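Shown below: protein.cif, with mmCIF, C-alpha atoms.
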```cif
data_input
loop_
_atom_site.label_atom_id
_atom_site.label_comp_id
_atom_site.auth_asym_id
_atom_site.auth_seq_id
_atom_site.Cartn_x
_atom_site.Cartn_y
_atom_site.Cartn_z
CA MET A 1 1.13 -15.96 53.02
CA PHE A 2 4.21 -16.04 50.78
CA GLN A 3 7.36 -18.13 50.69
CA ARG A 4 10.76 -16.54 51.13
CA VAL A 5 13.64 -16.83 48.69
CA SER A 6 17.14 -16.82 50.11
CA VAL A 7 18.73 -13.98 48.20
CA GLN A 8 20.56 -10.96 49.44
CA THR A 9 18.40 -7.84 49.73
CA SER A 10 19.55 -4.38 48.73
CA LYS A 11 19.62 -3.34 52.36
CA GLN A 12 22.11 -6.09 53.07
CA ALA A 13 24.03 -5.27 49.91
CA GLY A 14 24.39 -1.57 50.71
CA ILE A 15 22.84 1.47 49.07
CA ARG A 16 24.11 3.43 46.13
CA PRO A 17 22.52 6.71 45.07
CA ASP A 18 22.25 5.38 41.53
CA LEU A 19 21.15 2.13 39.95
CA VAL A 20 23.68 -0.08 38.21
CA ARG A 21 22.32 -0.74 34.77
CA ALA A 22 22.70 -3.94 32.77
CA SER A 23 21.57 -5.07 29.36
CA PHE A 24 18.82 -7.60 29.87
CA ASP A 25 19.58 -9.93 26.98
CA ARG A 26 19.71 -13.67 26.33
CA ASP A 27 23.13 -13.92 28.04
CA TYR A 28 21.80 -12.27 31.18
CA VAL A 29 18.84 -14.67 31.34
CA LEU A 30 21.12 -17.64 30.63
CA ARG A 31 23.39 -16.62 33.51
CA LEU A 32 20.31 -16.43 35.76
CA GLN A 33 19.26 -19.86 34.51
CA HIS A 34 22.68 -21.24 35.46
CA ARG A 35 22.52 -19.54 38.89
CA ASP A 36 25.50 -17.25 38.30
CA ALA A 37 25.97 -15.58 41.70
CA GLU A 38 27.03 -12.17 40.39
CA THR A 39 24.08 -11.96 37.95
CA GLU A 40 21.65 -13.12 40.63
CA ARG A 41 23.03 -10.46 42.97
CA HIS A 42 22.53 -7.78 40.29
CA PHE A 43 19.04 -9.03 39.45
CA VAL A 44 17.95 -8.99 43.08
CA GLU A 45 19.50 -5.60 43.76
CA TYR A 46 18.24 -3.89 40.59
CA PHE A 47 14.71 -5.26 40.54
CA GLY A 48 14.49 -5.32 44.34
CA THR A 49 14.93 -1.55 44.29
CA LEU A 50 12.31 -1.10 41.55
CA LEU A 51 9.84 -3.45 43.23
CA ARG A 52 10.17 -1.76 46.60
CA MET A 53 9.66 1.66 44.99
CA LYS A 54 6.56 0.40 43.17
CA LEU A 55 5.11 -1.33 46.20
CA HIS A 56 5.90 1.62 48.44
CA CYS A 57 3.38 3.66 46.41
CA ARG A 58 0.63 1.14 47.11
CA LEU A 59 1.39 -0.44 50.47
CA ARG A 60 2.81 0.98 53.65
CA ASP A 61 3.46 -2.16 55.66
CA PRO A 62 7.21 -2.84 55.19
CA GLN A 63 6.76 -6.54 55.91
CA THR A 64 4.13 -6.96 53.18
CA ILE A 65 6.34 -5.02 50.77
CA GLU A 66 9.27 -7.30 51.55
CA ASP A 67 7.11 -10.45 51.27
CA LEU A 68 5.75 -9.42 47.86
CA THR A 69 9.24 -8.53 46.64
CA GLN A 70 10.62 -11.92 47.68
CA GLU A 71 7.66 -13.78 46.19
CA THR A 72 8.11 -11.91 42.89
CA PHE A 73 11.77 -12.99 42.78
CA LEU A 74 10.79 -16.56 43.54
CA ARG A 75 8.20 -16.72 40.77
CA VAL A 76 10.36 -14.96 38.17
CA LEU A 77 13.45 -17.06 38.91
CA ASN A 78 11.38 -20.27 38.86
CA THR A 79 10.00 -19.31 35.44
CA ILE A 80 13.46 -18.44 34.12
CA ARG A 81 14.80 -21.82 35.24
CA ARG A 82 12.06 -23.77 33.50
CA GLU A 83 12.73 -25.30 30.06
CA ASP A 84 10.16 -23.04 28.40
CA GLY A 85 11.28 -20.06 30.52
CA ILE A 86 11.24 -16.50 29.24
CA LYS A 87 10.69 -16.05 25.52
CA SER A 88 11.87 -12.43 25.17
CA PRO A 89 14.75 -11.65 27.52
CA GLU A 90 14.67 -7.96 26.56
CA ALA A 91 11.22 -7.74 28.18
CA LEU A 92 12.49 -9.14 31.48
CA GLY A 93 11.66 -5.89 33.30
CA GLY A 94 8.09 -5.90 32.00
CA TYR A 95 7.73 -9.52 33.07
CA VAL A 96 8.94 -8.78 36.61
CA ASN A 97 6.45 -5.90 36.78
CA SER A 98 3.54 -8.03 35.59
CA VAL A 99 4.36 -10.81 38.10
CA CYS A 100 4.33 -8.18 40.85
CA ASN A 101 0.99 -6.82 39.55
CA ASN A 102 -0.49 -10.32 39.72
CA LEU A 103 0.71 -10.67 43.31
CA LEU A 104 -0.83 -7.32 44.22
CA PHE A 105 -4.07 -8.48 42.65
CA GLU A 106 -3.94 -11.72 44.65
CA LEU A 107 -3.24 -9.76 47.83
CA ASN A 108 -6.19 -7.43 47.22
CA ARG A 109 -8.48 -10.38 46.56
CA HIS A 110 -7.21 -12.11 49.71
CA GLN A 111 -7.82 -8.98 51.78
CA SER A 112 -11.27 -8.50 50.27
CA ARG A 113 -12.28 -12.02 51.29
CA ALA A 114 -10.93 -11.71 54.83
CA GLU A 115 -13.85 -9.73 56.25
CA PHE A 116 -12.76 -9.96 59.86
CA VAL A 117 -9.23 -9.55 61.16
CA SER A 118 -8.56 -10.36 64.77
CA LEU A 119 -6.49 -7.93 66.80
CA ASP A 120 -3.67 -10.48 67.03
CA GLU A 121 -3.47 -10.74 63.24
CA PHE A 122 -3.90 -7.03 62.61
CA ASP A 123 -0.67 -5.48 61.40
CA ALA A 124 -1.01 -1.72 61.45
CA PRO A 125 0.56 0.07 58.50
CA ASP A 126 3.93 1.56 59.29
CA LYS A 127 3.67 5.18 58.18
CA ARG A 128 7.20 6.07 59.24
CA ILE A 129 9.56 6.99 56.47
CA SER A 130 12.38 8.07 58.63
CA ALA A 131 16.08 7.80 59.12
CA GLU A 132 15.51 4.04 59.33
CA SER A 133 14.32 3.86 55.71
CA ALA A 134 16.33 1.44 53.58
CA LEU A 135 17.14 4.11 51.00
CA VAL A 136 18.55 6.64 53.48
CA SER A 137 22.22 6.70 54.40
CA GLN A 138 24.45 9.31 56.03
CA GLU A 139 25.87 9.99 52.56
CA SER A 140 22.50 10.62 50.97
CA LYS A 141 21.41 12.77 53.93
CA GLY A 142 24.60 14.84 53.65
CA MET A 143 24.07 15.39 49.94
CA VAL A 144 20.39 16.25 50.34
CA ARG A 145 21.26 18.69 53.15
CA ARG A 146 23.68 20.35 50.74
CA VAL A 147 21.05 20.52 47.98
CA LEU A 148 18.45 21.96 50.39
CA ASP A 149 20.89 24.55 51.72
CA GLU A 150 21.43 25.84 48.19
CA LEU A 151 17.72 26.46 47.65
CA PRO A 152 15.90 29.75 48.34
CA GLY A 153 13.93 29.70 51.63
CA LYS A 154 10.53 29.38 49.95
CA ASP A 155 11.57 26.41 47.79
CA ARG A 156 13.12 24.68 50.80
CA GLU A 157 9.88 25.20 52.72
CA LEU A 158 7.88 23.80 49.80
CA LEU A 159 10.01 20.63 49.78
CA ARG A 160 9.53 20.36 53.53
CA MET A 161 5.75 20.50 53.03
CA VAL A 162 5.92 17.88 50.26
CA PHE A 163 8.41 15.37 51.67
CA TYR A 164 8.11 15.80 55.43
CA GLU A 165 4.78 17.33 56.40
CA ASP A 166 3.04 15.39 53.59
CA VAL A 167 0.58 18.24 53.13
CA ASP A 168 -2.04 17.95 50.38
CA ARG A 169 -0.53 19.27 47.14
CA GLY A 170 -3.55 21.48 46.42
CA ALA A 171 -3.26 23.11 49.84
CA ILE A 172 0.46 23.76 49.32
CA CYS A 173 -0.21 25.41 45.97
CA ARG A 174 -3.00 27.57 47.41
CA ASN A 175 -1.09 28.66 50.50
CA TYR A 176 2.22 29.36 48.78
CA HIS A 177 0.69 30.79 45.57
CA VAL A 178 2.47 28.31 43.30
CA THR A 179 1.18 26.04 40.54
CA PRO A 180 1.44 22.21 40.55
CA GLU A 181 3.83 22.63 37.60
CA TYR A 182 6.11 24.75 39.81
CA LEU A 183 6.23 21.93 42.38
CA ARG A 184 7.09 19.40 39.66
CA VAL A 185 9.87 21.59 38.30
CA LEU A 186 11.17 22.19 41.83
CA VAL A 187 11.33 18.44 42.50
CA HIS A 188 12.92 17.87 39.09
CA ARG A 189 15.65 20.45 39.77
CA ALA A 190 16.30 19.16 43.30
CA LYS A 191 16.60 15.66 41.89
CA ALA A 192 18.98 16.76 39.15
CA ARG A 193 21.10 18.71 41.66
CA PHE A 194 21.14 15.69 43.98
CA ARG A 195 22.49 13.49 41.18
CA GLU A 196 25.10 16.12 40.29
CA CYS A 197 26.10 16.33 43.91
CA TRP A 198 26.50 12.57 44.07
CA LEU A 199 28.67 12.53 40.94
CA GLU A 200 30.79 15.40 42.29
CA CYS A 201 31.32 13.64 45.59
CA GLN A 202 32.04 10.36 43.85
CA GLY A 203 34.69 12.09 41.72
CA GLU A 204 36.24 13.86 44.68
CA ALA A 205 36.27 10.70 46.76
CA PHE A 206 38.43 9.00 44.11
CA ALA A 207 40.60 12.07 43.56
CA PRO A 208 43.97 12.26 45.31
CA GLY A 209 44.31 14.56 48.32
CA PRO A 210 41.79 15.53 51.00
CA VAL A 211 38.14 14.76 50.33
CA ALA A 212 36.38 18.05 49.62
CA CYS A 213 32.86 17.00 50.50
CA ALA A 214 33.55 16.38 54.17
CA GLY A 215 30.42 15.73 56.13
CA VAL A 216 28.92 13.92 53.22
CA HIS A 217 31.00 10.82 53.84
CA GLU A 218 30.24 10.60 57.57
CA ARG A 219 29.33 6.93 57.42
CA GLY A 220 31.36 5.60 54.57
CA ALA A 221 34.73 6.99 55.75
CA MET B 222 -6.27 -8.03 35.71
CA ARG B 223 -7.51 -4.62 34.64
CA GLU B 224 -6.50 -3.66 31.14
CA GLU B 225 -4.22 -0.65 31.00
CA ARG B 226 -5.62 2.14 28.90
CA ASN B 227 -2.36 3.98 28.47
CA THR B 228 1.07 2.99 27.36
CA MET B 229 4.12 5.14 27.88
CA ASN B 230 7.46 5.49 26.15
CA HIS B 231 10.53 7.41 27.22
CA ALA B 232 9.66 10.55 25.27
CA THR B 233 6.14 10.68 26.76
CA SER B 234 7.54 10.06 30.20
CA ILE B 235 9.91 13.03 29.94
CA GLN B 236 7.38 15.25 28.19
CA THR B 237 4.69 14.71 30.82
CA LYS B 238 7.15 14.86 33.75
CA ALA B 239 5.90 11.42 34.73
CA PRO B 240 8.79 10.73 37.18
CA GLU B 241 8.04 13.90 39.16
CA ARG B 242 4.28 13.31 39.09
CA TYR B 243 4.89 9.71 40.20
CA LEU B 244 6.98 10.92 43.13
CA LEU B 245 4.36 13.53 44.04
CA GLY B 246 1.56 10.93 43.81
CA GLU B 247 -0.20 12.88 41.06
CA LEU B 248 -0.61 10.10 38.48
CA LEU B 249 -4.03 8.50 37.98
CA PRO B 250 -4.09 4.71 38.52
CA ASP B 251 -3.94 3.96 34.78
CA GLU B 252 -1.12 6.45 34.21
CA ARG B 253 0.75 5.05 37.21
CA ASP B 254 0.43 1.47 35.89
CA ALA B 255 1.64 2.56 32.46
CA PHE B 256 4.58 4.46 33.92
CA GLU B 257 5.58 1.54 36.15
CA LYS B 258 5.44 -0.79 33.17
CA HIS B 259 7.69 1.66 31.35
CA TYR B 260 10.29 2.23 34.07
CA PHE B 261 10.73 -1.49 34.64
CA GLU B 262 12.01 -1.64 31.07
CA CYS B 263 13.73 1.77 30.89
CA PRO B 264 16.89 2.00 33.02
CA GLU B 265 17.00 5.76 32.57
CA CYS B 266 13.56 6.36 34.05
CA ALA B 267 14.22 3.72 36.71
CA GLY B 268 17.37 5.62 37.72
CA ASP B 269 15.41 8.85 37.72
CA ILE B 270 12.72 7.44 40.00
CA TYR B 271 15.33 5.83 42.23
CA SER B 272 17.26 9.06 42.76
CA GLY B 273 13.95 10.87 43.35
CA GLN B 274 12.94 8.34 45.97
CA VAL B 275 16.34 8.55 47.70
CA LEU B 276 16.00 12.35 47.62
CA ALA B 277 12.48 12.20 49.08
CA GLU B 278 13.34 9.81 51.89
CA SER B 279 16.65 11.49 52.70
CA ALA B 280 14.92 14.88 52.73
CA HIS B 281 12.36 13.42 55.13
CA ALA B 282 15.19 12.26 57.41
CA VAL B 283 16.96 15.64 57.15
CA PHE B 284 13.80 17.60 58.01
CA HIS B 285 13.09 15.11 60.79
CA ASP B 286 16.47 15.93 62.37
CA GLU B 287 15.87 19.68 62.15
CA PRO B 288 13.98 21.70 64.74
CA ALA B 289 10.59 22.99 63.54
CA PRO B 290 10.98 26.21 61.57
CA PHE B 291 10.10 29.32 63.55
CA ALA B 292 10.29 32.68 61.86
CA PRO B 293 9.26 35.54 64.18
CA ARG B 294 7.98 38.52 62.26
CA SER B 295 10.05 41.59 62.86
CA ARG B 296 7.91 44.59 63.84
CA PRO B 297 8.88 48.03 62.58
CA PRO B 298 9.93 50.53 65.24
CA ALA B 299 7.11 52.37 67.05
CA TRP B 300 7.93 55.76 65.56
CA THR B 301 7.51 54.34 62.02
CA ARG B 302 4.09 52.89 62.85
CA TRP B 303 2.79 56.18 64.31
CA GLY B 304 4.39 58.18 61.49
CA SER B 305 2.51 56.17 58.90
CA TRP B 306 -0.78 57.85 59.94
CA PHE B 307 0.48 61.11 58.49
CA HIS B 308 1.20 59.50 55.11
CA PHE B 309 -2.38 58.19 54.61
CA PRO B 310 -3.30 58.94 50.96
CA ALA B 311 -6.36 61.19 50.59
CA SER B 312 -7.70 59.21 47.61
CA VAL B 313 -8.27 56.06 49.70
CA PRO B 314 -11.55 57.21 51.38
CA MET B 315 -12.94 58.33 48.02
CA ALA B 316 -12.10 55.00 46.37
CA ALA B 317 -13.62 53.13 49.32
CA ALA B 318 -16.87 55.16 49.11
CA LEU B 319 -17.13 54.51 45.37
CA ALA B 320 -16.52 50.78 45.87
CA LEU B 321 -19.19 50.69 48.60
CA LEU B 322 -21.70 52.43 46.34
CA THR B 323 -21.02 49.98 43.51
CA ILE B 324 -21.47 47.01 45.82
CA THR B 325 -24.76 48.37 47.20
CA VAL B 326 -26.20 48.93 43.72
CA TYR B 327 -25.13 45.48 42.57
CA GLN B 328 -26.65 43.82 45.63
CA ASN B 329 -30.03 45.53 45.26
CA ALA B 330 -30.32 45.25 41.50
CA VAL B 331 -28.87 41.81 40.83
CA LEU B 332 -27.90 39.74 43.84
CA TYR B 333 -30.93 39.97 46.12
CA PRO B 334 -33.62 39.34 43.43
CA GLY B 335 -31.62 36.31 42.25
CA LEU B 336 -31.26 34.97 45.79
CA ARG B 337 -35.01 35.41 46.42
CA ARG B 338 -35.81 33.40 43.30
CA ALA B 339 -33.31 30.66 44.31
CA ALA B 340 -34.73 30.53 47.85
CA ALA B 341 -38.27 30.16 46.47
CA VAL B 342 -37.18 27.22 44.29
CA ALA B 343 -35.20 25.61 47.15
CA SER B 344 -38.19 25.73 49.51
CA MET B 345 -40.34 23.64 47.12
CA PRO B 346 -40.31 19.83 47.54
CA GLY B 347 -38.79 17.90 44.62
CA ILE B 348 -37.17 14.64 43.53
CA LEU B 349 -33.41 14.24 43.74
CA PRO B 350 -31.93 12.03 40.98
CA SER B 351 -29.50 9.48 42.45
CA ALA B 352 -27.30 6.56 41.40
CA VAL B 353 -25.09 3.94 43.04
CA LEU B 354 -21.60 3.56 41.52
CA VAL B 355 -19.10 0.72 41.94
CA PRO B 356 -15.42 0.84 40.92
CA SER B 357 -15.25 0.67 37.13
CA ALA B 358 -13.01 -2.44 37.04
CA ARG B 359 -15.99 -4.43 38.37
CA SER B 360 -18.67 -3.26 35.95
CA ALA B 361 -19.46 -1.61 32.66
CA MET B 362 -19.82 2.19 32.69
CA PRO B 363 -23.36 2.95 33.91
CA SER B 364 -25.48 5.60 32.27
CA ILE B 365 -27.26 8.07 34.57
CA SER B 366 -30.19 10.03 33.19
CA ILE B 367 -31.23 13.22 34.97
CA PRO B 368 -33.75 15.94 34.12
CA THR B 369 -32.22 19.05 32.54
CA SER B 370 -33.59 21.21 35.33
CA ALA B 371 -32.17 19.08 38.20
CA PRO B 372 -29.77 21.26 40.20
CA PHE B 373 -28.20 18.32 42.06
CA LEU B 374 -27.39 14.65 41.57
CA GLN B 375 -26.75 12.24 44.43
CA LEU B 376 -23.97 9.67 43.85
CA SER B 377 -23.41 6.75 46.26
CA LEU B 378 -19.90 5.34 45.86
CA ALA B 379 -19.82 1.70 47.01
CA LEU B 380 -16.35 1.28 48.54
CA PRO B 381 -14.38 -1.97 48.04
CA PRO B 382 -14.14 -4.11 51.20
CA ALA B 383 -10.37 -3.53 51.41
CA THR B 384 -10.81 0.21 51.90
CA THR B 385 -8.70 1.53 54.76
CA ALA B 386 -9.70 4.32 57.09
CA GLY B 387 -8.12 7.69 56.52
CA ARG B 388 -8.32 10.96 54.69
CA TYR B 389 -8.97 10.97 50.96
CA ASP B 390 -9.54 13.54 48.26
CA CYS B 391 -12.58 12.90 46.14
CA GLU B 392 -12.21 14.32 42.61
CA LEU B 393 -14.74 14.65 39.80
CA ARG B 394 -13.12 14.58 36.35
CA ASP B 395 -14.72 15.04 32.96
CA GLY B 396 -14.07 12.82 29.93
CA PHE B 397 -10.95 14.86 29.06
CA GLY B 398 -9.42 14.29 32.47
CA HIS B 399 -10.02 17.86 33.70
CA VAL B 400 -10.61 18.08 37.44
CA LEU B 401 -13.95 19.82 37.99
CA TRP B 402 -13.78 19.88 41.76
CA THR B 403 -12.18 18.17 44.74
CA VAL B 404 -13.71 17.51 48.11
CA PRO B 405 -11.89 16.05 51.17
CA VAL B 406 -13.42 12.89 52.63
CA SER B 407 -12.66 11.20 55.96
CA LEU B 408 -13.40 7.49 56.14
CA ASP B 409 -13.58 5.37 59.27
CA HIS B 410 -13.60 1.60 59.50
CA SER B 411 -17.40 1.39 59.40
CA THR B 412 -17.85 3.41 56.22
CA ASP B 413 -19.25 1.26 53.38
CA ASP B 414 -20.11 3.95 50.94
CA ILE B 415 -19.78 7.68 50.32
CA ASN B 416 -22.77 9.83 49.43
CA LEU B 417 -21.90 12.80 47.26
CA LEU B 418 -24.27 15.65 46.44
CA VAL B 419 -23.06 16.78 43.02
CA PRO B 420 -24.15 20.18 41.66
CA SER B 421 -25.28 19.07 38.22
CA GLY B 422 -26.22 22.46 36.74
CA GLN B 423 -22.85 22.86 35.01
CA LEU B 424 -22.45 19.24 33.88
CA GLU B 425 -22.87 18.56 30.17
CA ASN B 426 -23.76 15.18 28.66
CA GLY B 427 -20.73 12.90 28.59
CA ALA B 428 -18.42 10.60 30.51
CA TYR B 429 -17.24 11.46 34.02
CA GLU B 430 -15.25 9.70 36.70
CA VAL B 431 -15.00 10.11 40.44
CA ILE B 432 -11.55 9.35 41.82
CA LEU B 433 -10.58 8.76 45.42
CA ARG B 434 -6.98 9.71 46.07
CA GLY B 435 -4.86 9.44 49.18
CA GLY B 436 -5.22 7.09 52.13
CA VAL B 437 -2.81 4.30 52.95
CA GLY B 438 -4.40 1.27 51.29
CA PRO B 439 -4.28 0.05 47.70
CA ALA B 440 -5.32 2.57 45.04
CA PHE B 441 -8.97 2.69 43.99
CA ASP B 442 -10.26 2.16 40.51
CA PRO B 443 -12.23 5.21 39.36
CA PHE B 444 -16.03 5.29 39.61
CA GLN B 445 -17.01 6.05 36.02
CA PHE B 446 -20.41 7.01 34.67
CA GLN B 447 -22.08 8.47 31.59
CA LEU B 448 -24.35 11.46 32.24
CA VAL B 449 -27.40 11.97 30.05
CA ARG B 450 -29.58 15.05 30.56
CA GLN B 451 -33.17 14.70 29.36
#
```
Rewrite the structure from the file as structure tokens, please.
Amino acid sequence: MFQRVSVQTSKQAGIRPDLVRASFDRDYVLRLQHRDAETERHFVEYFGTLLRMKLHCRLRDPQTIEDLTQETFLRVLNTIRREDGIKSPEALGGYVNSVCNNLLFELNRHQSRAEFVSLDEFDAPDKRISAESALVSQESKGMVRRVLDELPGKDRELLRMVFYEDVDRGAICRNYHVTPEYLRVLVHRAKARFRECWLECQGEAFAPGPVACAGVHERGA
Amino acid sequence: MREERNTMNHATSIQTKAPERYLLGELLPDERDAFEKHYFECPECAGDIYSGQVLAESAHAVFHDEPAPFAPRSRPPAWTRWGSWFHFPASVPMAAALALLTITVYQNAVLYPGLRRAAAVASMPGILPSAVLVPSARSAMPSISIPTSAPFLQLSLALPPATTAGRYDCELRDGFGHVLWTVPVSLDHSTDDINLLVPSGQLENGAYEVILRGGVGPAFDPFQFQLVRQ
């Protein structure tokens, strides 16, 4: 359905547990207009991550997610390279989001019209978020294991129900006698601890002497 | 494209714990659109969502690698279990007898007469008010008029053609966004619409929306309606 654009994906580029920020200003857009390789790489990596996260909430088929991501890049970059390109560079993020929304709308309309899908064309949704997920690395697994090990047993079990068993949130709250707010705070704290853990490990990795967070750097070492 | 009702800034995002609710799939479609629009322009929230997503997927992989949790319950020694018979408080039988008496009086004086009246009403034939709803993005909000005395209202939700099979949660929310009740719904490929029997006794005049959450396909627009009791 969609064309492909030949840019490096974040999976090819490698995963970092944090996003590299940039100021989206006139200079940034000008560099994209002039096909600056470093800026294009940042654009694809930064917005590729955001687009995949957004699309992951709506679609489960990895191929469709990738196709929509690539098509969004293609349309945004084509617009940027036109004479009358983007009027407000600071709203680049909002523009990328709205292009993606339009593509989702087109996809929904296309699916609504296609009443019959033959078995050959049918692409079953891939419900696996597993060790093969693009966002998971040995480093991130090591850090998350460390965060989970620090939690009390009940909180660890709650996160297992949320992230692994994918149990209905209402059922979790009823069975474990917690409120939805408790779950939100638990996820917030786990997330904050995960980021701390990453910063600690990053600091230790650059520090002289033996690396303290052994086991976390299983892949990268 | 559907117009977004909400906009979000960084302060609102933090205040409402939007990143956590986004990760937990708790945001309504409009809130989710507004938050996505925000985090595409806010590097801080984008970083927050990104680390949350890495956490979620890495946690999934970690739990996947672990054996299933098994926690056998330790039983107290036999002598403790038998010994506990001798520590049975004497006030327990008295409290139980009093509770039983209270329940019996309540049943005979209040519960049974009320049930008899309800059964008499339920055995009479009557007319069930009903309405067909389509997702709100495709139409204006319909107004449904029902008699004040109607105990139930039947709602037929016409599902969009792109609906995927799976398990959903069907929620009824009032105009303030409060969830009044949730009912699980299983859809198969041949389901075109969902028929809901809504207890209307507690519903006041006003706007309501039925929301289908869950499943694997694209999110649904809410089924909105205006209830008028006559």
Residue members of the PyMOL selection byres ((chain B and resi 398) around 12) in the file shown, as a PyMOL selection string:
chain B and resi 248-249+251-252+392-397+399-402+428-432+443+445
Measuring between only C-alpha atoms, which one of B:Glu262, B:Asp414, B:Asp390, B:Glu247 shows the shortest distance to chain A?
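Ranked by minimum distance to chain A, first place goes to B:Glu262.
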Measuring between only C-alpha atoms, which one of A:Thr39, A:Asn108, A:Thr79, A:Gln63 shows the shortest distance to chain B?
A:Asn108
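Proximity to chain A was assessed for B:Ala330, B:Leu418, B:Ala232, B:Ala386 counting only C-alpha atoms; the smallest distance is recorded for B:Ala386.
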Would you mind listing, as JSON, numbers by chain, all residues of chain B that have at least one atom within 10 Å of chain A, where all atoms listed in the file are what counts?
{"B": [222, 223, 238, 239, 240, 241, 242, 243, 244, 245, 246, 247, 253, 254, 257, 258, 259, 260, 261, 262, 263, 264, 265, 267, 268, 269, 270, 271, 272, 273, 274, 275, 276, 277, 278, 279, 280, 281, 282, 283, 284, 285, 286, 290, 381, 382, 383, 384, 389, 390, 403, 435, 436, 437, 438, 439, 440]}
Determine the nearest neighbour of Arg450 of chain B from the options B:Ala379, B:Ile365, B:Cys391, B:Leu433, counting all atoms listed in the file.
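Among the listed residues, B:Ile365 lies closest to Arg450 of chain B.
Here atom CA of Asn416 of chain B and atom CA of Leu376 of chain B stand 5.7 Å from one another.
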